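What follows is the content of work.pdb, which has PDB, C-alpha atoms, pLDDT in the B column:
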```
ATOM      1  CA  MET A   1     -22.310 -84.548 -55.018  1.00 55.00           C
ATOM      2  CA  ALA A   2     -21.836 -82.508 -51.831  1.00 60.00           C
ATOM      3  CA  GLU A   3     -19.375 -85.056 -50.509  1.00 64.00           C
ATOM      4  CA  GLU A   4     -17.464 -84.929 -53.795  1.00 63.00           C
ATOM      5  CA  ALA A   5     -17.300 -81.127 -53.601  1.00 58.00           C
ATOM      6  CA  LYS A   6     -15.909 -81.321 -50.060  1.00 59.00           C
ATOM      7  CA  LYS A   7     -13.101 -83.577 -51.206  1.00 69.00           C
ATOM      8  CA  SER A   8     -12.167 -81.348 -54.141  1.00 75.00           C
ATOM      9  CA  VAL A   9     -11.709 -78.184 -52.039  1.00 72.00           C
ATOM     10  CA  PRO A  10      -8.290 -78.192 -50.458  1.00 77.00           C
ATOM     11  CA  LYS A  11      -8.013 -77.103 -46.842  1.00 74.00           C
ATOM     12  CA  ILE A  12      -5.993 -73.933 -46.521  1.00 75.00           C
ATOM     13  CA  ASP A  13      -3.398 -73.969 -43.780  1.00 76.00           C
ATOM     14  CA  THR A  14      -3.782 -70.778 -41.734  1.00 80.00           C
ATOM     15  CA  PRO A  15      -1.265 -70.815 -38.897  1.00 83.00           C
ATOM     16  CA  GLY A  16      -1.159 -67.740 -36.728  1.00 90.00           C
ATOM     17  CA  PHE A  17      -4.922 -67.182 -36.658  1.00 93.00           C
ATOM     18  CA  PRO A  18      -7.251 -67.947 -33.756  1.00 94.00           C
ATOM     19  CA  ALA A  19      -9.137 -71.224 -34.038  1.00 91.00           C
ATOM     20  CA  GLY A  20     -12.485 -70.664 -35.748  1.00 92.00           C
ATOM     21  CA  PHE A  21     -11.618 -67.196 -37.041  1.00 94.00           C
ATOM     22  CA  HIS A  22     -12.032 -67.961 -40.723  1.00 92.00           C
ATOM     23  CA  GLU A  23     -15.419 -69.572 -40.184  1.00 93.00           C
ATOM     24  CA  LEU A  24     -16.563 -66.515 -38.201  1.00 96.00           C
ATOM     25  CA  LEU A  25     -15.251 -64.169 -40.871  1.00 96.00           C
ATOM     26  CA  GLY A  26     -17.129 -66.201 -43.475  1.00 95.00           C
ATOM     27  CA  GLN A  27     -20.316 -65.932 -41.422  1.00 96.00           C
ATOM     28  CA  PHE A  28     -19.807 -62.188 -41.085  1.00 96.00           C
ATOM     29  CA  HIS A  29     -19.456 -61.700 -44.832  1.00 95.00           C
ATOM     30  CA  CYS A  30     -22.179 -64.196 -45.697  1.00 95.00           C
ATOM     31  CA  ILE A  31     -24.772 -62.480 -43.514  1.00 95.00           C
ATOM     32  CA  TRP A  32     -24.069 -59.171 -45.283  1.00 92.00           C
ATOM     33  CA  LEU A  33     -24.431 -60.819 -48.683  1.00 92.00           C
ATOM     34  CA  MET A  34     -27.693 -62.408 -47.572  1.00 92.00           C
ATOM     35  CA  PHE A  35     -28.986 -59.176 -46.030  1.00 95.00           C
ATOM     36  CA  ASP A  36     -28.076 -57.002 -49.024  1.00 95.00           C
ATOM     37  CA  VAL A  37     -31.113 -58.145 -51.028  1.00 96.00           C
ATOM     38  CA  THR A  38     -33.411 -57.447 -48.069  1.00 97.00           C
ATOM     39  CA  LEU A  39     -31.873 -54.009 -47.706  1.00 98.00           C
ATOM     40  CA  ASP A  40     -32.411 -53.191 -51.391  1.00 98.00           C
ATOM     41  CA  TYR A  41     -35.946 -54.598 -51.298  1.00 98.00           C
ATOM     42  CA  SER A  42     -36.722 -52.487 -48.219  1.00 98.00           C
ATOM     43  CA  ILE A  43     -35.585 -49.272 -49.871  1.00 98.00           C
ATOM     44  CA  GLY A  44     -37.886 -49.866 -52.836  1.00 98.00           C
ATOM     45  CA  HIS A  45     -40.731 -50.947 -50.585  1.00 97.00           C
ATOM     46  CA  PHE A  46     -40.584 -47.851 -48.394  1.00 98.00           C
ATOM     47  CA  LEU A  47     -40.148 -45.550 -51.401  1.00 98.00           C
ATOM     48  CA  GLY A  48     -43.127 -47.229 -53.071  1.00 97.00           C
ATOM     49  CA  ILE A  49     -41.293 -47.872 -56.331  1.00 97.00           C
ATOM     50  CA  ASP A  50     -41.252 -51.024 -58.435  1.00 96.00           C
ATOM     51  CA  ARG A  51     -38.529 -53.677 -58.513  1.00 96.00           C
ATOM     52  CA  GLU A  52     -36.779 -52.415 -61.621  1.00 95.00           C
ATOM     53  CA  GLU A  53     -36.655 -48.818 -60.403  1.00 96.00           C
ATOM     54  CA  THR A  54     -35.324 -50.043 -57.073  1.00 97.00           C
ATOM     55  CA  HIS A  55     -32.542 -52.030 -58.725  1.00 96.00           C
ATOM     56  CA  ILE A  56     -31.571 -48.999 -60.807  1.00 95.00           C
ATOM     57  CA  LEU A  57     -31.529 -46.765 -57.722  1.00 96.00           C
ATOM     58  CA  VAL A  58     -29.557 -49.003 -55.373  1.00 96.00           C
ATOM     59  CA  SER A  59     -27.119 -50.608 -57.818  1.00 93.00           C
ATOM     60  CA  GLY A  60     -24.567 -47.823 -57.465  1.00 88.00           C
ATOM     61  CA  LEU A  61     -24.992 -47.062 -53.780  1.00 93.00           C
ATOM     62  CA  GLU A  62     -22.482 -48.093 -51.154  1.00 91.00           C
ATOM     63  CA  PHE A  63     -23.798 -50.318 -48.391  1.00 90.00           C
ATOM     64  CA  GLY A  64     -23.471 -47.686 -45.674  1.00 90.00           C
ATOM     65  CA  ARG A  65     -25.360 -45.123 -47.732  1.00 94.00           C
ATOM     66  CA  LYS A  66     -28.158 -47.624 -48.305  1.00 96.00           C
ATOM     67  CA  LEU A  67     -28.406 -48.223 -44.556  1.00 96.00           C
ATOM     68  CA  ARG A  68     -28.628 -44.462 -43.892  1.00 96.00           C
ATOM     69  CA  LEU A  69     -31.283 -44.058 -46.576  1.00 97.00           C
ATOM     70  CA  LEU A  70     -33.319 -46.932 -45.155  1.00 98.00           C
ATOM     71  CA  VAL A  71     -33.231 -45.480 -41.634  1.00 97.00           C
ATOM     72  CA  GLU A  72     -34.677 -42.204 -42.909  1.00 98.00           C
ATOM     73  CA  LEU A  73     -37.342 -44.023 -44.929  1.00 98.00           C
ATOM     74  CA  LEU A  74     -38.280 -46.167 -41.930  1.00 98.00           C
ATOM     75  CA  LYS A  75     -38.607 -43.117 -39.675  1.00 97.00           C
ATOM     76  CA  ARG A  76     -41.117 -41.608 -42.114  1.00 97.00           C
ATOM     77  CA  SER A  77     -43.032 -44.838 -42.641  1.00 97.00           C
ATOM     78  CA  ASP A  78     -46.154 -46.118 -40.947  1.00 97.00           C
ATOM     79  CA  HIS A  79     -44.693 -49.613 -40.488  1.00 98.00           C
ATOM     80  CA  PRO A  80     -45.997 -50.987 -37.165  1.00 97.00           C
ATOM     81  CA  LYS A  81     -42.506 -52.160 -36.131  1.00 98.00           C
ATOM     82  CA  LYS A  82     -40.478 -49.270 -37.524  1.00 97.00           C
ATOM     83  CA  ASP A  83     -38.765 -48.540 -34.192  1.00 98.00           C
ATOM     84  CA  LEU A  84     -37.522 -52.116 -33.943  1.00 98.00           C
ATOM     85  CA  LEU A  85     -36.408 -52.073 -37.594  1.00 98.00           C
ATOM     86  CA  VAL A  86     -34.516 -48.799 -37.065  1.00 98.00           C
ATOM     87  CA  GLU A  87     -32.876 -50.301 -33.978  1.00 98.00           C
ATOM     88  CA  CYS A  88     -31.737 -53.327 -36.007  1.00 97.00           C
ATOM     89  CA  ILE A  89     -30.298 -51.092 -38.724  1.00 97.00           C
ATOM     90  CA  GLY A  90     -28.502 -49.082 -36.036  1.00 97.00           C
ATOM     91  CA  LYS A  91     -26.782 -52.252 -34.852  1.00 96.00           C
ATOM     92  CA  LEU A  92     -25.743 -53.000 -38.414  1.00 95.00           C
ATOM     93  CA  GLN A  93     -24.423 -49.465 -38.879  1.00 95.00           C
ATOM     94  CA  ALA A  94     -22.256 -49.979 -35.792  1.00 95.00           C
ATOM     95  CA  ALA A  95     -20.925 -53.348 -37.005  1.00 95.00           C
ATOM     96  CA  LYS A  96     -17.729 -51.890 -38.499  1.00 94.00           C
ATOM     97  CA  ARG A  97     -18.442 -53.663 -41.773  1.00 92.00           C
ATOM     98  CA  ASP A  98     -16.168 -51.478 -43.892  1.00 88.00           C
ATOM     99  CA  TYR A  99     -13.224 -51.846 -41.513  1.00 91.00           C
ATOM    100  CA  ILE A 100     -13.562 -55.617 -41.400  1.00 94.00           C
ATOM    101  CA  THR A 101     -14.214 -55.959 -45.128  1.00 91.00           C
ATOM    102  CA  HIS A 102     -11.581 -53.588 -46.519  1.00 90.00           C
ATOM    103  CA  SER A 103      -8.648 -53.985 -44.138  1.00 93.00           C
ATOM    104  CA  TYR A 104      -5.390 -55.795 -43.785  1.00 95.00           C
ATOM    105  CA  ILE A 105      -5.505 -58.586 -41.219  1.00 94.00           C
ATOM    106  CA  ALA A 106      -2.912 -59.143 -38.519  1.00 93.00           C
ATOM    107  CA  SER A 107      -3.351 -61.915 -36.000  1.00 94.00           C
ATOM    108  CA  ASN A 108      -1.953 -64.335 -33.514  1.00 94.00           C
ATOM    109  CA  THR A 109      -3.504 -67.447 -32.001  1.00 94.00           C
ATOM    110  CA  THR A 110      -5.915 -65.497 -29.749  1.00 96.00           C
ATOM    111  CA  ASN A 111      -6.456 -62.076 -31.333  1.00 97.00           C
ATOM    112  CA  VAL A 112      -7.183 -60.555 -34.707  1.00 96.00           C
ATOM    113  CA  SER A 113      -6.626 -56.984 -35.843  1.00 96.00           C
ATOM    114  CA  PHE A 114      -8.074 -55.244 -38.847  1.00 96.00           C
ATOM    115  CA  ILE A 115      -5.696 -52.517 -40.004  1.00 96.00           C
ATOM    116  CA  TYR A 116      -7.633 -49.986 -42.020  1.00 93.00           C
ATOM    117  CA  ARG A 117      -7.132 -46.880 -44.118  1.00 90.00           C
ATOM    118  CA  SER A 118      -9.983 -44.469 -44.598  1.00 82.00           C
ATOM    119  CA  ARG A 119     -11.280 -42.890 -47.785  1.00 76.00           C
ATOM    120  CA  GLY A 120     -11.115 -39.152 -48.337  1.00 80.00           C
ATOM    121  CA  GLU A 121      -8.788 -37.543 -45.816  1.00 86.00           C
ATOM    122  CA  PHE A 122      -6.134 -40.139 -45.099  1.00 89.00           C
ATOM    123  CA  LYS A 123      -6.204 -41.728 -41.709  1.00 89.00           C
ATOM    124  CA  SER A 124      -5.533 -45.217 -40.515  1.00 93.00           C
ATOM    125  CA  GLY A 125      -6.223 -47.299 -37.473  1.00 93.00           C
ATOM    126  CA  ARG A 126      -6.536 -50.713 -35.976  1.00 95.00           C
ATOM    127  CA  LEU A 127      -9.687 -52.528 -34.944  1.00 95.00           C
ATOM    128  CA  GLU A 128      -8.754 -55.292 -32.520  1.00 97.00           C
ATOM    129  CA  PHE A 129     -10.711 -58.264 -31.225  1.00 97.00           C
ATOM    130  CA  HIS A 130      -9.995 -61.220 -29.000  1.00 97.00           C
ATOM    131  CA  ILE A 131     -11.481 -64.211 -30.823  1.00 97.00           C
ATOM    132  CA  ASP A 132     -14.283 -64.427 -28.235  1.00 98.00           C
ATOM    133  CA  GLU A 133     -15.117 -60.743 -28.796  1.00 98.00           C
ATOM    134  CA  PHE A 134     -15.131 -61.296 -32.547  1.00 98.00           C
ATOM    135  CA  ALA A 135     -17.471 -64.276 -32.136  1.00 98.00           C
ATOM    136  CA  ALA A 136     -19.846 -62.114 -30.066  1.00 98.00           C
ATOM    137  CA  HIS A 137     -19.595 -59.319 -32.642  1.00 98.00           C
ATOM    138  CA  VAL A 138     -20.514 -61.672 -35.491  1.00 97.00           C
ATOM    139  CA  ALA A 139     -23.371 -63.155 -33.466  1.00 98.00           C
ATOM    140  CA  GLY A 140     -24.737 -59.650 -32.834  1.00 97.00           C
ATOM    141  CA  VAL A 141     -24.713 -58.862 -36.560  1.00 97.00           C
ATOM    142  CA  VAL A 142     -26.417 -62.152 -37.410  1.00 97.00           C
ATOM    143  CA  LEU A 143     -29.103 -61.628 -34.773  1.00 98.00           C
ATOM    144  CA  ALA A 144     -29.780 -58.035 -35.893  1.00 97.00           C
ATOM    145  CA  THR A 145     -30.213 -59.067 -39.537  1.00 97.00           C
ATOM    146  CA  GLN A 146     -32.471 -61.970 -38.634  1.00 96.00           C
ATOM    147  CA  LEU A 147     -34.584 -59.815 -36.329  1.00 98.00           C
ATOM    148  CA  TYR A 148     -34.950 -57.210 -39.075  1.00 98.00           C
ATOM    149  CA  GLN A 149     -35.941 -59.815 -41.655  1.00 96.00           C
ATOM    150  CA  ARG A 150     -38.520 -61.450 -39.363  1.00 96.00           C
ATOM    151  CA  ASN A 151     -40.151 -58.128 -38.502  1.00 98.00           C
ATOM    152  CA  LEU A 152     -40.124 -56.476 -41.916  1.00 98.00           C
ATOM    153  CA  GLY A 153     -43.156 -58.471 -42.982  1.00 96.00           C
ATOM    154  CA  ALA A 154     -41.916 -59.434 -46.442  1.00 96.00           C
ATOM    155  CA  SER A 155     -42.126 -63.086 -47.398  1.00 95.00           C
ATOM    156  CA  GLY A 156     -39.199 -65.068 -48.700  1.00 93.00           C
ATOM    157  CA  GLU A 157     -41.022 -65.293 -52.013  1.00 96.00           C
ATOM    158  CA  GLU A 158     -41.254 -61.488 -52.258  1.00 96.00           C
ATOM    159  CA  ILE A 159     -37.542 -61.101 -51.561  1.00 96.00           C
ATOM    160  CA  ASP A 160     -36.672 -63.858 -54.061  1.00 95.00           C
ATOM    161  CA  ALA A 161     -38.873 -62.282 -56.748  1.00 95.00           C
ATOM    162  CA  PHE A 162     -37.178 -58.955 -56.125  1.00 96.00           C
ATOM    163  CA  ALA A 163     -33.723 -60.504 -56.493  1.00 94.00           C
ATOM    164  CA  ILE A 164     -34.642 -62.390 -59.664  1.00 94.00           C
ATOM    165  CA  ALA A 165     -36.169 -59.264 -61.241  1.00 93.00           C
ATOM    166  CA  VAL A 166     -32.664 -57.925 -61.832  1.00 90.00           C
ATOM    167  CA  LEU A 167     -31.966 -60.813 -64.202  1.00 90.00           C
ATOM    168  CA  ASN A 168     -34.944 -59.904 -66.357  1.00 84.00           C
ATOM    169  CA  MET A 169     -33.692 -56.326 -66.595  1.00 84.00           C
ATOM    170  CA  SER A 170     -30.439 -57.343 -68.262  1.00 64.00           C
ATOM    171  CA  LYS A 171     -32.389 -59.092 -71.034  1.00 57.00           C
ATOM    172  CA  SER A 172     -34.391 -56.023 -71.984  1.00 50.00           C
TER     173      SER A 172
END
```
Take the structure in this file and express it as structure tokens.
Amino acid sequence: MAEEAKKSVPKIDTPGFPAGFHELLGQFHCIWLMFDVTLDYSIGHFLGIDREETHILVSGLEFGRKLRLLVELLKRSDHPKKDLLVECIGKLQAAKRDYITHSYIASNTTNVSFIYRSRGEFKSGRLEFHIDEFAAHVAGVVLATQLYQRNLGASGEEIDAFAIAVLNMSKS
């Protein structure tokens, strides 16, 4: 089945981009998608509210706002590794997620630029990386999320149960 799926997905020709860029960009976005459930779980955990209340609270919050909220909750918590967890979140806050996610892309065979426009007061800019710098940036984000997840103390089963709880809410 997996081999059949590989054959049915056409390869997209992407001239003008550095080798490996699209895979790195996919890793960057995938780690955020994977971390999002841990982030939401953490907010509910540190607020001491149940799964359903947590889903209601976080469903309309932007990612950056959730990170800021979690930092403040962690600082007030008695978690034995709160300093390390706050440090990991700090690295994620500095990861330029919004610029990379919501920008135009300009590139050549060695460099990639994310051309962004801000919300609110209009301003624009360019975030530039050599492909090696982008690879290091992505690796830093991946390592920070993994370090956070390992040190939070929540099991995979707890996180999965939290994620699945949202499906039960839509039935009620």
_Report, in Å to a single decimal, how far apart CA of Gly90 (chain A) and CA of Leu33 (chain A) are._
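Computing it gives 17.7 Å between the two atoms.
Note that CA of Val37 (chain A) and CA of His55 (chain A) are 9.9 Å apart.
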Dump as JSON lines the rows for residues of region 90-109 of chain A within 12 Å of region 23-26 of chain A: closest atom pair and distance in Å with one decimal, only C-alpha atoms counted, ordered by chain and rising residue number.
```
{"residue": "A:Arg97", "atom": "CA", "partner": "A:Leu25", "partner_atom": "CA", "distance": 11.0}
{"residue": "A:Ile100", "atom": "CA", "partner": "A:Leu25", "partner_atom": "CA", "distance": 8.7}
{"residue": "A:Thr101", "atom": "CA", "partner": "A:Leu25", "partner_atom": "CA", "distance": 9.3}
{"residue": "A:Ile105", "atom": "CA", "partner": "A:Leu25", "partner_atom": "CA", "distance": 11.2}
```
*asked:* If the PyMOL selection byres ((chain A and resi 129-131) around 6) were run on this exact file, what residues would it hold? Put them as a PyMOL selection string.
replied: chain A and resi 110-112+128+132-134
*All residues 9 Å or closer to Tyr104 (chain A), all atoms listed in the file, same chain fewer than 4 positions away omitted, as a VMD selection string*: chain A and resid 100 113 to 116
Closest contacts (region 12-119 of chain A/region 137-151 of chain A, max 8 Å, only C-alpha atoms) as a tab-separated table:
```
residue	atom	partner	partner_atom	distance
A:Leu24	CA	A:Val138	CA	6.8
A:Leu25	CA	A:Val138	CA	7.9
A:Gln27	CA	A:Val138	CA	7.3
A:Phe28	CA	A:Val138	CA	5.7
A:Ile31	CA	A:Val142	CA	6.3
A:Phe35	CA	A:Thr145	CA	6.6
A:Thr38	CA	A:Gln149	CA	7.3
A:Lys81	CA	A:Asn151	CA	6.8
A:Leu84	CA	A:Tyr148	CA	7.7
A:Leu85	CA	A:Tyr148	CA	5.5
A:Cys88	CA	A:Ala144	CA	5.1
A:Ile89	CA	A:Ala144	CA	7.5
A:Lys91	CA	A:Ala144	CA	6.6
A:Leu92	CA	A:Val141	CA	6.2
A:Ala95	CA	A:Val141	CA	6.7
```
Centre and edge lengths of an axis-aligned box around all listed atoms of region 29-32 of chain A, with 6 Å added on each side, are to be given in Å to one decimal, as AutoDock Vina command-line options.
```
--center_x -22.1 --center_y -61.7 --center_z -44.6 --size_x 17.3 --size_y 17.0 --size_z 14.2
```
*Closest of A:Ile12, A:Ala94, A:Leu61, A:Leu73 to Gly48 (chain A) - atom-to-atom distances counting all atoms listed in the file*: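 Result for the nearest residue to Gly48 (chain A): A:Leu73.
The space between CA of Ala163 (chain A) and CA of Val58 (chain A) spans 12.3 Å.
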Expand the PyMOL selection byres ((chain A and resi 46) around 9) into the individual residues it matches in the shown file, reporting them as an mmCIF file with C-alpha atoms, in the coordinates of the input.
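Below is the file that was written, expr16.cif:
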```cif
data_model
loop_
_atom_site.group_PDB
_atom_site.id
_atom_site.type_symbol
_atom_site.label_atom_id
_atom_site.label_comp_id
_atom_site.auth_asym_id
_atom_site.auth_seq_id
_atom_site.Cartn_x
_atom_site.Cartn_y
_atom_site.Cartn_z
ATOM 1 C CA TYR A 41 -35.946 -54.598 -51.298
ATOM 2 C CA SER A 42 -36.722 -52.487 -48.219
ATOM 3 C CA ILE A 43 -35.585 -49.272 -49.871
ATOM 4 C CA GLY A 44 -37.886 -49.866 -52.836
ATOM 5 C CA HIS A 45 -40.731 -50.947 -50.585
ATOM 6 C CA LEU A 47 -40.148 -45.550 -51.401
ATOM 7 C CA GLY A 48 -43.127 -47.229 -53.071
ATOM 8 C CA ILE A 49 -41.293 -47.872 -56.331
ATOM 9 C CA LEU A 70 -33.319 -46.932 -45.155
ATOM 10 C CA LEU A 73 -37.342 -44.023 -44.929
ATOM 11 C CA LEU A 74 -38.280 -46.167 -41.930
ATOM 12 C CA ARG A 76 -41.117 -41.608 -42.114
ATOM 13 C CA SER A 77 -43.032 -44.838 -42.641
#
```
Residues of region 58-168 of chain A that have any atom at most 6 Å from an atom of region 13-18 of chain A: could you tabulate them with the shortest-distance atom pair and the distance in Å to one decimal, using all atoms listed in the file, ordered by chain and increasing number, as a Markdown table?
```
| residue | atom | partner | partner_atom | distance |
| --- | --- | --- | --- | --- |
| A:Ser107 | CA | A:Phe17 | CA | 5.5 |
| A:Asn108 | CA | A:Gly16 | CA | 4.7 |
| A:Thr109 | CA | A:Pro18 | CA | 4.2 |
| A:Thr110 | CA | A:Pro18 | CA | 4.9 |
```
Output C-alpha atoms of each residue in that selection to a file, as a PDB file, in the frame of the given file.
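Listed below is the output, out-v6.pdb:
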```
ATOM      1  CA  SER A 107      -3.351 -61.915 -36.000  1.00 94.00           C
ATOM      2  CA  ASN A 108      -1.953 -64.335 -33.514  1.00 94.00           C
ATOM      3  CA  THR A 109      -3.504 -67.447 -32.001  1.00 94.00           C
ATOM      4  CA  THR A 110      -5.915 -65.497 -29.749  1.00 96.00           C
TER       5      THR A 110
END
```
*From the list A:Cys30, A:Val9, A:Gly60, A:Asp40, which residue is nearest Ile159 (chain A) when using only C-alpha atoms?*
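Going through A:Cys30, A:Val9, A:Gly60, A:Asp40 one by one, the smallest distance to Ile159 (chain A) is for A:Asp40.
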